[in-house]
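Okay, upload_37.cif now, which holds mmCIF, C-alpha atoms and all ligand atoms:
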data_protein
loop_
_atom_site.label_atom_id
_atom_site.label_comp_id
_atom_site.auth_asym_id
_atom_site.auth_seq_id
_atom_site.Cartn_x
_atom_site.Cartn_y
_atom_site.Cartn_z
CA MET A 1 0.00 0.00 0.00
CA ILE A 2 1.03 3.64 0.24
CA GLN A 3 4.11 4.11 2.39
CA LYS A 4 5.72 7.26 1.04
CA CYS A 5 4.86 10.91 1.25
CA LEU A 6 6.60 13.66 -0.70
CA PHE A 7 6.93 17.22 0.58
CA PRO A 8 7.89 19.73 -2.12
CA VAL A 9 9.50 22.50 -0.06
CA ALA A 10 11.74 24.21 -2.59
CA GLY A 11 9.63 27.35 -3.17
CA TYR A 12 10.85 30.82 -2.22
CA GLY A 13 7.87 31.79 -0.04
CA THR A 14 7.93 35.33 -1.41
CA ARG A 15 4.59 36.24 0.18
CA PHE A 16 6.28 36.02 3.57
CA LEU A 17 9.32 38.17 2.85
CA PRO A 18 11.32 39.31 4.72
CA ALA A 19 10.58 36.44 7.19
CA THR A 20 11.50 33.88 4.53
CA LYS A 21 14.66 35.60 3.29
CA SER A 22 16.95 33.09 5.01
CA MET A 23 14.39 30.77 6.61
CA PRO A 24 12.15 28.25 4.84
CA LYS A 25 8.46 29.17 4.79
CA GLU A 26 7.70 25.62 5.94
CA MET A 27 9.56 26.29 9.20
CA LEU A 28 7.30 29.19 10.19
CA PRO A 29 5.67 28.16 13.47
CA ILE A 30 1.96 27.86 14.06
CA VAL A 31 2.03 28.55 17.81
CA ASN A 32 5.04 26.40 18.84
CA LYS A 33 5.41 23.90 15.99
CA PRO A 34 6.69 24.46 12.44
CA LEU A 35 4.20 24.07 9.62
CA VAL A 36 6.14 21.17 8.11
CA GLN A 37 5.90 19.16 11.34
CA TYR A 38 2.10 19.36 11.25
CA GLY A 39 2.25 17.95 7.72
CA VAL A 40 4.62 15.13 8.68
CA GLU A 41 2.44 14.21 11.67
CA GLU A 42 -0.62 14.05 9.39
CA ALA A 43 1.28 11.73 7.02
CA VAL A 44 2.48 9.47 9.82
CA ALA A 45 -1.06 9.26 11.24
CA ALA A 46 -2.10 7.99 7.78
CA GLY A 47 0.53 5.23 7.98
CA LEU A 48 3.08 6.93 5.70
CA THR A 49 6.41 6.57 7.43
CA LYS A 50 8.78 7.20 4.54
CA ILE A 51 8.97 10.93 4.10
CA GLY A 52 10.80 12.53 1.18
CA PHE A 53 11.58 16.23 0.88
CA VAL A 54 12.25 18.06 -2.35
CA THR A 55 14.33 20.94 -1.09
CA GLY A 56 16.30 23.79 -2.57
CA ARG A 57 18.79 26.39 -1.50
CA GLY A 58 18.37 27.80 1.99
CA LYS A 59 16.25 24.89 3.26
CA ARG A 60 18.77 23.23 5.56
CA ALA A 61 16.71 24.09 8.64
CA ILE A 62 14.14 21.48 7.57
CA ALA A 63 16.74 18.68 7.52
CA ASP A 64 18.11 19.86 10.86
CA HIS A 65 14.62 19.91 12.39
CA PHE A 66 14.11 16.22 11.60
CA ASP A 67 17.48 15.22 13.03
CA VAL A 68 18.66 14.76 16.62
CA SER A 69 20.21 17.83 18.24
CA PHE A 70 22.60 16.25 20.76
CA GLU A 71 23.79 19.51 22.33
CA LEU A 72 20.24 20.73 22.90
CA GLU A 73 19.06 17.42 24.30
CA HIS A 74 22.04 17.24 26.61
CA GLN A 75 21.34 20.79 27.78
CA ILE A 76 17.69 20.19 28.74
CA ALA A 77 17.97 16.54 29.88
CA GLY A 78 16.35 16.09 33.29
CA THR A 79 14.48 19.43 33.18
CA ASP A 80 10.74 19.93 32.55
CA LYS A 81 11.63 21.36 29.12
CA GLU A 82 12.45 17.86 27.92
CA ASN A 83 8.73 17.34 27.25
CA TYR A 84 8.76 20.00 24.55
CA LEU A 85 10.82 17.69 22.36
CA THR A 86 8.77 14.52 22.85
CA GLY A 87 6.71 14.90 19.64
CA ILE A 88 9.63 15.60 17.33
CA ARG A 89 11.78 12.89 19.00
CA THR A 90 9.05 10.32 18.33
CA LEU A 91 9.02 11.32 14.66
CA ILE A 92 12.80 11.14 14.40
CA ASP A 93 12.80 7.67 15.99
CA THR A 94 10.00 6.19 13.88
CA VAL A 95 10.13 7.89 10.48
CA ASN A 96 12.53 7.51 7.60
CA PHE A 97 13.47 10.92 6.11
CA SER A 98 15.17 11.39 2.77
CA PHE A 99 16.04 14.46 0.74
CA THR A 100 16.63 15.48 -2.82
CA ARG A 101 16.92 18.88 -4.47
CA GLN A 102 15.02 20.73 -7.14
CA ASN A 103 17.75 22.63 -8.95
CA LYS A 104 15.45 25.09 -10.76
CA MET A 105 12.15 26.50 -9.52
CA LEU A 106 10.11 25.30 -12.48
CA GLY A 107 6.83 24.75 -10.62
CA LEU A 108 5.06 22.14 -8.52
CA GLY A 109 4.93 19.54 -11.32
CA HIS A 110 8.69 19.84 -11.76
CA ALA A 111 9.21 19.64 -7.96
CA ILE A 112 7.22 16.40 -7.83
CA LEU A 113 9.17 14.99 -10.78
CA SER A 114 12.39 15.86 -8.92
CA GLY A 115 11.14 13.58 -6.14
CA GLU A 116 10.88 10.53 -8.44
CA THR A 117 14.24 9.30 -7.23
CA LEU A 118 12.85 9.09 -3.67
CA ILE A 119 9.54 7.49 -4.68
CA GLY A 120 10.28 4.94 -7.41
CA ASP A 121 7.47 2.92 -8.94
CA GLU A 122 4.77 3.04 -6.26
CA PRO A 123 1.76 5.17 -5.34
CA PHE A 124 2.58 8.03 -2.99
CA ALA A 125 1.10 11.04 -1.25
CA VAL A 126 2.08 14.68 -1.69
CA VAL A 127 1.69 17.30 1.03
CA LEU A 128 2.11 21.03 0.52
CA ALA A 129 2.96 21.99 4.07
CA ASP A 130 1.76 25.57 3.70
CA ASP A 131 -1.78 24.20 3.41
CA LEU A 132 -2.37 23.30 7.05
CA CYS A 133 -5.17 20.75 7.44
CA ILE A 134 -6.59 20.36 10.91
CA VAL A 135 -9.04 17.70 12.03
CA LEU A 136 -9.39 17.75 15.81
CA ASP A 137 -8.97 14.39 17.60
CA GLU A 138 -12.67 14.18 18.46
CA GLU A 139 -13.68 14.88 14.83
CA GLY A 140 -12.16 11.79 13.19
CA ASP A 141 -9.35 10.97 10.77
CA GLY A 142 -6.88 13.47 9.32
CA VAL A 143 -7.21 14.46 5.67
CA LEU A 144 -4.45 12.15 4.36
CA SER A 145 -5.93 9.23 6.32
CA GLN A 146 -9.30 9.89 4.66
CA MET A 147 -7.58 9.90 1.25
CA VAL A 148 -5.55 6.73 1.88
CA LYS A 149 -8.81 4.92 2.71
CA LEU A 150 -10.32 6.11 -0.57
CA TYR A 151 -7.22 5.02 -2.46
CA LYS A 152 -7.62 1.49 -1.10
CA GLN A 153 -11.09 1.43 -2.66
CA PHE A 154 -10.42 3.14 -6.03
CA ARG A 155 -6.66 2.67 -6.72
CA CYS A 156 -6.22 5.84 -8.73
CA SER A 157 -4.86 9.36 -8.19
CA ILE A 158 -6.91 11.53 -5.82
CA VAL A 159 -6.77 15.28 -5.20
CA ALA A 160 -8.29 16.96 -2.16
CA ILE A 161 -10.70 19.78 -2.97
CA GLU A 162 -12.77 22.40 -1.19
CA GLU A 163 -15.30 25.00 -2.20
CA VAL A 164 -13.83 28.49 -2.57
CA PRO A 165 -15.42 31.84 -3.46
CA LYS A 166 -15.38 32.29 -7.25
CA GLN A 167 -13.22 35.43 -6.96
CA ASP A 168 -10.45 33.27 -5.42
CA SER A 169 -10.22 30.93 -8.45
CA PRO A 170 -7.01 32.63 -9.74
CA LYS A 171 -5.20 31.23 -6.68
CA TYR A 172 -6.06 27.57 -7.32
CA GLY A 173 -6.38 24.70 -9.73
CA ILE A 174 -10.14 24.33 -10.31
CA ILE A 175 -11.76 21.02 -11.24
CA ALA A 176 -14.94 19.94 -12.96
CA GLY A 177 -16.23 16.42 -12.61
CA SER A 178 -19.12 14.01 -12.49
CA MET A 179 -20.33 13.19 -9.01
CA ILE A 180 -19.74 9.59 -7.90
CA ARG A 181 -21.31 10.25 -4.53
CA GLU A 182 -21.67 13.22 -2.16
CA GLY A 183 -18.22 14.89 -1.98
CA LEU A 184 -16.50 12.60 -4.51
CA TYR A 185 -16.04 13.43 -8.20
CA ASN A 186 -14.54 11.79 -11.26
CA ILE A 187 -12.52 14.62 -12.80
CA THR A 188 -13.43 15.63 -16.34
CA ASP A 189 -11.62 18.98 -16.51
CA MET A 190 -9.04 20.95 -14.59
CA VAL A 191 -7.86 24.52 -15.09
CA GLU A 192 -4.89 26.10 -13.35
CA LYS A 193 -5.57 29.51 -11.79
CA PRO A 194 -8.50 30.51 -14.04
CA LYS A 195 -10.12 33.95 -14.03
CA PRO A 196 -13.35 33.81 -12.00
CA GLU A 197 -15.49 33.99 -15.16
CA GLU A 198 -13.53 31.11 -16.72
CA ALA A 199 -13.60 28.77 -13.70
CA PRO A 200 -15.70 25.70 -14.50
CA THR A 201 -16.81 25.30 -10.83
CA ASN A 202 -15.90 26.61 -7.38
CA LEU A 203 -14.10 23.36 -6.42
CA ALA A 204 -10.43 24.14 -5.76
CA ILE A 205 -7.53 21.72 -5.38
CA ILE A 206 -5.69 22.09 -2.08
CA GLY A 207 -2.28 20.76 -1.08
CA ARG A 208 -3.01 17.08 -0.56
CA TYR A 209 -2.65 14.51 -3.34
CA ILE A 210 -2.34 10.80 -3.79
CA LEU A 211 -0.62 10.00 -7.06
CA THR A 212 0.00 6.80 -8.95
CA PRO A 213 3.56 6.54 -10.32
CA ASP A 214 2.57 6.87 -14.01
CA ILE A 215 2.28 10.58 -13.15
CA PHE A 216 6.06 10.91 -13.54
CA ASP A 217 5.99 10.09 -17.27
CA LEU A 218 3.01 12.39 -17.71
CA ILE A 219 4.89 15.26 -16.02
CA ARG A 220 7.90 14.59 -18.25
CA GLN A 221 5.61 15.04 -21.28
CA THR A 222 4.05 18.23 -19.86
CA PRO A 223 5.29 21.49 -21.37
CA PRO A 224 5.45 24.63 -19.20
CA GLY A 225 1.93 26.02 -18.67
CA LYS A 226 0.52 28.89 -16.62
CA ASN A 227 3.28 31.32 -15.52
CA GLY A 228 5.85 29.27 -17.48
CA GLU A 229 5.81 26.58 -14.76
CA ILE A 230 5.36 22.83 -15.18
CA GLN A 231 1.96 22.41 -13.59
CA ILE A 232 0.89 19.24 -11.81
CA THR A 233 -2.71 20.02 -12.82
CA ASP A 234 -1.79 19.70 -16.53
CA ALA A 235 -0.27 16.24 -15.92
CA LEU A 236 -3.26 15.23 -13.77
CA LEU A 237 -5.69 16.28 -16.49
CA LYS A 238 -3.89 13.95 -18.91
CA GLN A 239 -4.10 11.19 -16.30
CA ALA A 240 -7.83 11.87 -15.89
CA GLN A 241 -8.35 11.73 -19.66
CA ASN A 242 -6.40 8.44 -19.93
CA GLY A 243 -8.19 6.79 -17.01
CA CYS A 244 -9.40 8.20 -13.76
CA VAL A 245 -8.50 10.91 -11.23
CA LEU A 246 -10.80 11.53 -8.28
CA ALA A 247 -11.47 14.79 -6.46
CA TYR A 248 -12.39 14.38 -2.81
CA GLN A 249 -14.09 17.03 -0.70
CA PHE A 250 -12.34 16.26 2.57
CA LYS A 251 -13.73 16.58 6.09
CA GLY A 252 -11.85 19.10 8.21
CA ARG A 253 -10.48 22.64 7.88
CA ARG A 254 -7.73 23.95 5.72
CA PHE A 255 -5.76 27.11 6.36
CA ASP A 256 -3.79 28.74 3.55
CA CYS A 257 -0.65 29.39 5.57
CA GLY A 258 1.21 30.53 2.45
CA SER A 259 -0.72 33.80 2.85
CA VAL A 260 -0.51 36.12 5.85
CA PRO A 261 -4.28 36.18 6.62
CA GLY A 262 -4.50 32.36 6.47
CA PHE A 263 -1.43 32.04 8.65
CA ILE A 264 -2.91 34.33 11.33
CA GLU A 265 -6.25 32.52 11.19
CA ALA A 266 -4.45 29.17 11.66
CA THR A 267 -2.42 30.54 14.55
CA ASN A 268 -5.53 31.79 16.37
CA PHE A 269 -7.39 28.53 15.76
CA CYS A 270 -4.53 26.27 16.88
CA TYR A 271 -3.84 28.42 19.93
CA GLN A 272 -7.46 28.26 21.10
CA GLU A 273 -8.39 24.74 20.05
CA ILE A 274 -5.14 22.82 20.51
CA PHE A 275 -2.51 24.66 22.53
CA CYS A 276 -4.74 26.07 25.31
CA LYS A 277 -6.60 22.77 25.67
CA GLN A 278 -3.31 20.86 26.00
CA GLN A 279 -2.18 23.26 28.74
CA SER A 280 -5.37 23.01 30.81
P1 LIG A 301 3.62 28.05 -3.61
O1 LIG A 301 3.56 28.79 -4.89
O2 LIG A 301 2.52 28.19 -2.63
O3 LIG A 301 4.97 28.36 -2.80
O4 LIG A 301 3.87 26.52 -3.95
P2 LIG A 301 6.04 29.48 -2.97
O5 LIG A 301 6.39 29.67 -4.40
O6 LIG A 301 7.14 29.10 -2.04
O7 LIG A 301 5.27 30.75 -2.35
P3 LIG A 301 5.15 32.27 -2.82
O8 LIG A 301 4.00 32.29 -3.79
O9 LIG A 301 6.47 32.68 -3.42
O10 LIG A 301 4.85 33.00 -1.54
C1 LIG A 301 3.25 25.47 -3.25
C2 LIG A 301 4.27 24.49 -2.71
O11 LIG A 301 5.06 23.95 -3.76
C3 LIG A 301 6.44 24.10 -3.49
C4 LIG A 301 6.53 25.24 -2.48
O12 LIG A 301 7.67 25.07 -1.64
C5 LIG A 301 5.23 25.10 -1.70
O13 LIG A 301 5.35 24.17 -0.63
N1 LIG A 301 7.14 24.39 -4.75
C6 LIG A 301 6.60 25.28 -5.64
C7 LIG A 301 8.33 23.76 -5.03
O14 LIG A 301 8.83 22.94 -4.20
N2 LIG A 301 8.97 24.03 -6.20
C8 LIG A 301 8.46 24.91 -7.11
O15 LIG A 301 9.09 25.11 -8.18
C9 LIG A 301 7.24 25.55 -6.81
#

Take the structure in this file and express it as structure tokens.
Amino acid sequence: MIQKCLFPVAGYGTRFLPATKSMPKEMLPIVNKPLVQYGVEEAVAAGLTKIGFVTGRGKRAIADHFDVSFELEHQIAGTDKENYLTGIRTLIDTVNFSFTRQNKMLGLGHAILSGETLIGDEPFAVVLADDLCIVLDEEGDGVLSQMVKLYKQFRCSIVAIEEVPKQDSPKYGIIAGSMIREGLYNITDMVEKPKPEEAPTNLAIIGRYILTPDIFDLIRQTPPGKNGEIQITDALLKQAQNGCVLAYQFKGRRFDCGSVPGFIEATNFCYQEIFCKQQS
């Protein structure tokens, strides 16, 4: 079954400058935990314990975060601060992390193709860590867990979608599809960042995917599209036309932490609903 999850983290994070000038966007903390750790925890909860990162220049902090810091651990050993590291230590002890680099920022499709060497010939998940997906413990499974269950049933690529206001369509890939059942569509069309009047629906792709490995050849055949980037949506549309790609309206909330308003909203939510409750 699915064991691997790819995190493309090579982007420049320009919307967060100057914070991201020398620090990866994915290391920005939501309360006291970096965005990328939330994503890795979601993957591990879905049973994906082989995590691959597609990194770029200036992203060393991510590799350091998922490695043991002996000096720090020695320093706080035996104090009550030791507890702060329990979560990340568990990940380091149980998860296999590997890294490759995207040498040119040619878009998300290109970033995923750069990860082929870490994935090989098997289905895999993709997480864009700046889309923070939160499902509280009492609400059920995380978003990737929901998608892995669907994959077991349908065995084809799946993208997570949510409804967005039409005026926001230029920020997303927008799908059209035939409904299989409530919240599940067989994709018939996909447009990257359309103008509101050209968007076929208000169903936007967010940063969670399950992809079958034939996607790599399809990306290789994909010429640069919108903004001169190699778009994963263009490769997925070909995959949908050749066979089947599903769009799944997940249960839970998604915060666009690649934008300042989404980041603040996520911070407030996680502080109130997770951090404060853990402290009490
Ligand atoms: P974004 O477009 O949201 O990230 O890409 P960005 O380019 O870093 O952000 P801005 O727009 O400049 O603020 C979504 C995800 O895809 C990765 C990014 O790191 C991010 O996690 N990505 C994007 C790559 O890894 N490589 C690329 O060439 C493009």

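Using all atoms listed in the file, the contacts of A:Gly183 at a cut-off of 9 Å, with sequence neighbours closer than 4 positions omitted, comprise Met179, Ala247, Tyr248, Gln249 and Phe250 of chain A.
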
Using all atoms listed in the file, find each residue with an atom at most 8 Å away from ligand LIG 301 (chain A) and format the answer as a compact mmCIF listing (two decimals) with C-alpha atoms, in the frame of the given file.
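This is the output file result-v9.txt:
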# COMPACT_ATOMS: atom_id res chain seq x y z
CA PHE A 7 6.93 17.22 0.58
CA PRO A 8 7.89 19.73 -2.12
CA VAL A 9 9.50 22.50 -0.06
CA ALA A 10 11.74 24.21 -2.59
CA GLY A 11 9.63 27.35 -3.17
CA TYR A 12 10.85 30.82 -2.22
CA GLY A 13 7.87 31.79 -0.04
CA THR A 14 7.93 35.33 -1.41
CA ARG A 15 4.59 36.24 0.18
CA PHE A 16 6.28 36.02 3.57
CA LYS A 25 8.46 29.17 4.79
CA GLU A 26 7.70 25.62 5.94
CA VAL A 54 12.25 18.06 -2.35
CA THR A 55 14.33 20.94 -1.09
CA GLY A 56 16.30 23.79 -2.57
CA GLN A 102 15.02 20.73 -7.14
CA LYS A 104 15.45 25.09 -10.76
CA MET A 105 12.15 26.50 -9.52
CA LEU A 106 10.11 25.30 -12.48
CA GLY A 107 6.83 24.75 -10.62
CA LEU A 108 5.06 22.14 -8.52
CA GLY A 109 4.93 19.54 -11.32
CA HIS A 110 8.69 19.84 -11.76
CA ALA A 111 9.21 19.64 -7.96
CA ILE A 112 7.22 16.40 -7.83
CA VAL A 127 1.69 17.30 1.03
CA LEU A 128 2.11 21.03 0.52
CA ALA A 129 2.96 21.99 4.07
CA ASP A 130 1.76 25.57 3.70
CA GLY A 207 -2.28 20.76 -1.08
CA GLU A 229 5.81 26.58 -14.76
CA GLY A 258 1.21 30.53 2.45
CA SER A 259 -0.72 33.80 2.85

Quote the spacing between atom CA of A:Lys149 and atom CA of A:Gln241 in Å to one decimal place.
23.4 Å

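Using all atoms listed in the file, the protein and nucleic acid residues lying no more than 9 Å from A:Val135, apart from those fewer than 4 places from it along its own chain, are Glu139, Gly140, Asp141, Gly142, Val143, Lys251, Gly252, Arg253 and Arg254 of chain A.
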
Name all residues at most 7 Å from stretch 264-268 of chain A (count all atoms listed in the file; drop same-chain ones fewer than 4 positions away) and give them as JSON, numbers by chain.
{"A": [30, 31, 255, 260, 272]}

Deliver the residues from the most recent selection as a file, using C-alpha atoms, as a PDB file, keeping the file's coordinate frame.
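File produced: out.pdb:
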ATOM      1  CA  ILE A  30       1.960  27.860  14.060  1.00  0.00           C
ATOM      2  CA  VAL A  31       2.030  28.550  17.810  1.00  0.00           C
ATOM      3  CA  PHE A 255      -5.760  27.110   6.360  1.00  0.00           C
ATOM      4  CA  VAL A 260      -0.510  36.120   5.850  1.00  0.00           C
ATOM      5  CA  GLN A 272      -7.460  28.260  21.100  1.00  0.00           C
TER       6      GLN A 272
END

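Candidate residues A:Arg155, A:Arg101, A:Lys33, A:Lys171 were compared for distance to A:Pro213, and the nearest is A:Arg155, using all atoms listed in the file.
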
From A:Phe263, A:Tyr172, A:Tyr151, A:Tyr185, residue lying nearest A:Ile232 [all atoms listed in the file]:
A:Tyr172

Starting from the incomplete input, reconstruct N, CA, C and O atoms of stretch 47-60 of chain A and report them as a short mmCIF file (atom, residue, chain, number, x, y, z; two decimals), in the coordinates of the input.
data_model
loop_
_atom_site.label_atom_id
_atom_site.label_comp_id
_atom_site.auth_asym_id
_atom_site.auth_seq_id
_atom_site.Cartn_x
_atom_site.Cartn_y
_atom_site.Cartn_z
N GLY A 47 -0.27 6.45 8.21
CA GLY A 47 0.53 5.23 7.98
C GLY A 47 1.69 5.42 7.03
O GLY A 47 2.31 4.45 6.59
N LEU A 48 1.99 6.68 6.66
CA LEU A 48 3.08 6.93 5.70
C LEU A 48 4.33 7.29 6.48
O LEU A 48 4.44 8.39 7.02
N THR A 49 5.24 6.36 6.56
CA THR A 49 6.41 6.57 7.43
C THR A 49 7.72 6.75 6.65
O THR A 49 8.78 6.75 7.24
N LYS A 50 7.59 6.86 5.33
CA LYS A 50 8.78 7.20 4.54
C LYS A 50 8.53 8.57 3.94
O LYS A 50 7.68 8.73 3.05
N ILE A 51 9.24 9.54 4.47
CA ILE A 51 8.97 10.93 4.10
C ILE A 51 10.12 11.45 3.24
O ILE A 51 11.29 11.34 3.63
N GLY A 52 9.77 11.98 2.07
CA GLY A 52 10.80 12.53 1.18
C GLY A 52 10.59 14.03 1.02
O GLY A 52 9.46 14.49 0.85
N PHE A 53 11.67 14.78 1.07
CA PHE A 53 11.58 16.23 0.88
C PHE A 53 12.27 16.62 -0.42
O PHE A 53 13.38 16.15 -0.69
N VAL A 54 11.60 17.46 -1.19
CA VAL A 54 12.25 18.06 -2.35
C VAL A 54 12.62 19.47 -1.92
O VAL A 54 11.76 20.34 -1.78
N THR A 55 13.89 19.67 -1.67
CA THR A 55 14.33 20.94 -1.09
C THR A 55 15.06 21.78 -2.14
O THR A 55 15.20 21.37 -3.29
N GLY A 56 15.52 22.91 -1.70
CA GLY A 56 16.30 23.79 -2.57
C GLY A 56 17.29 24.55 -1.71
O GLY A 56 17.49 24.21 -0.53
N ARG A 57 17.82 25.60 -2.27
CA ARG A 57 18.79 26.39 -1.50
C ARG A 57 18.13 27.02 -0.29
O ARG A 57 16.98 27.40 -0.33
N GLY A 58 18.87 27.10 0.80
CA GLY A 58 18.37 27.80 1.99
C GLY A 58 17.36 27.00 2.79
O GLY A 58 16.63 27.55 3.60
N LYS A 59 17.28 25.69 2.58
CA LYS A 59 16.25 24.89 3.26
C LYS A 59 16.85 23.93 4.27
O LYS A 59 16.20 22.97 4.68
N ARG A 60 18.09 24.17 4.66
CA ARG A 60 18.77 23.23 5.56
C ARG A 60 18.07 23.07 6.90
O ARG A 60 18.12 22.02 7.53
#
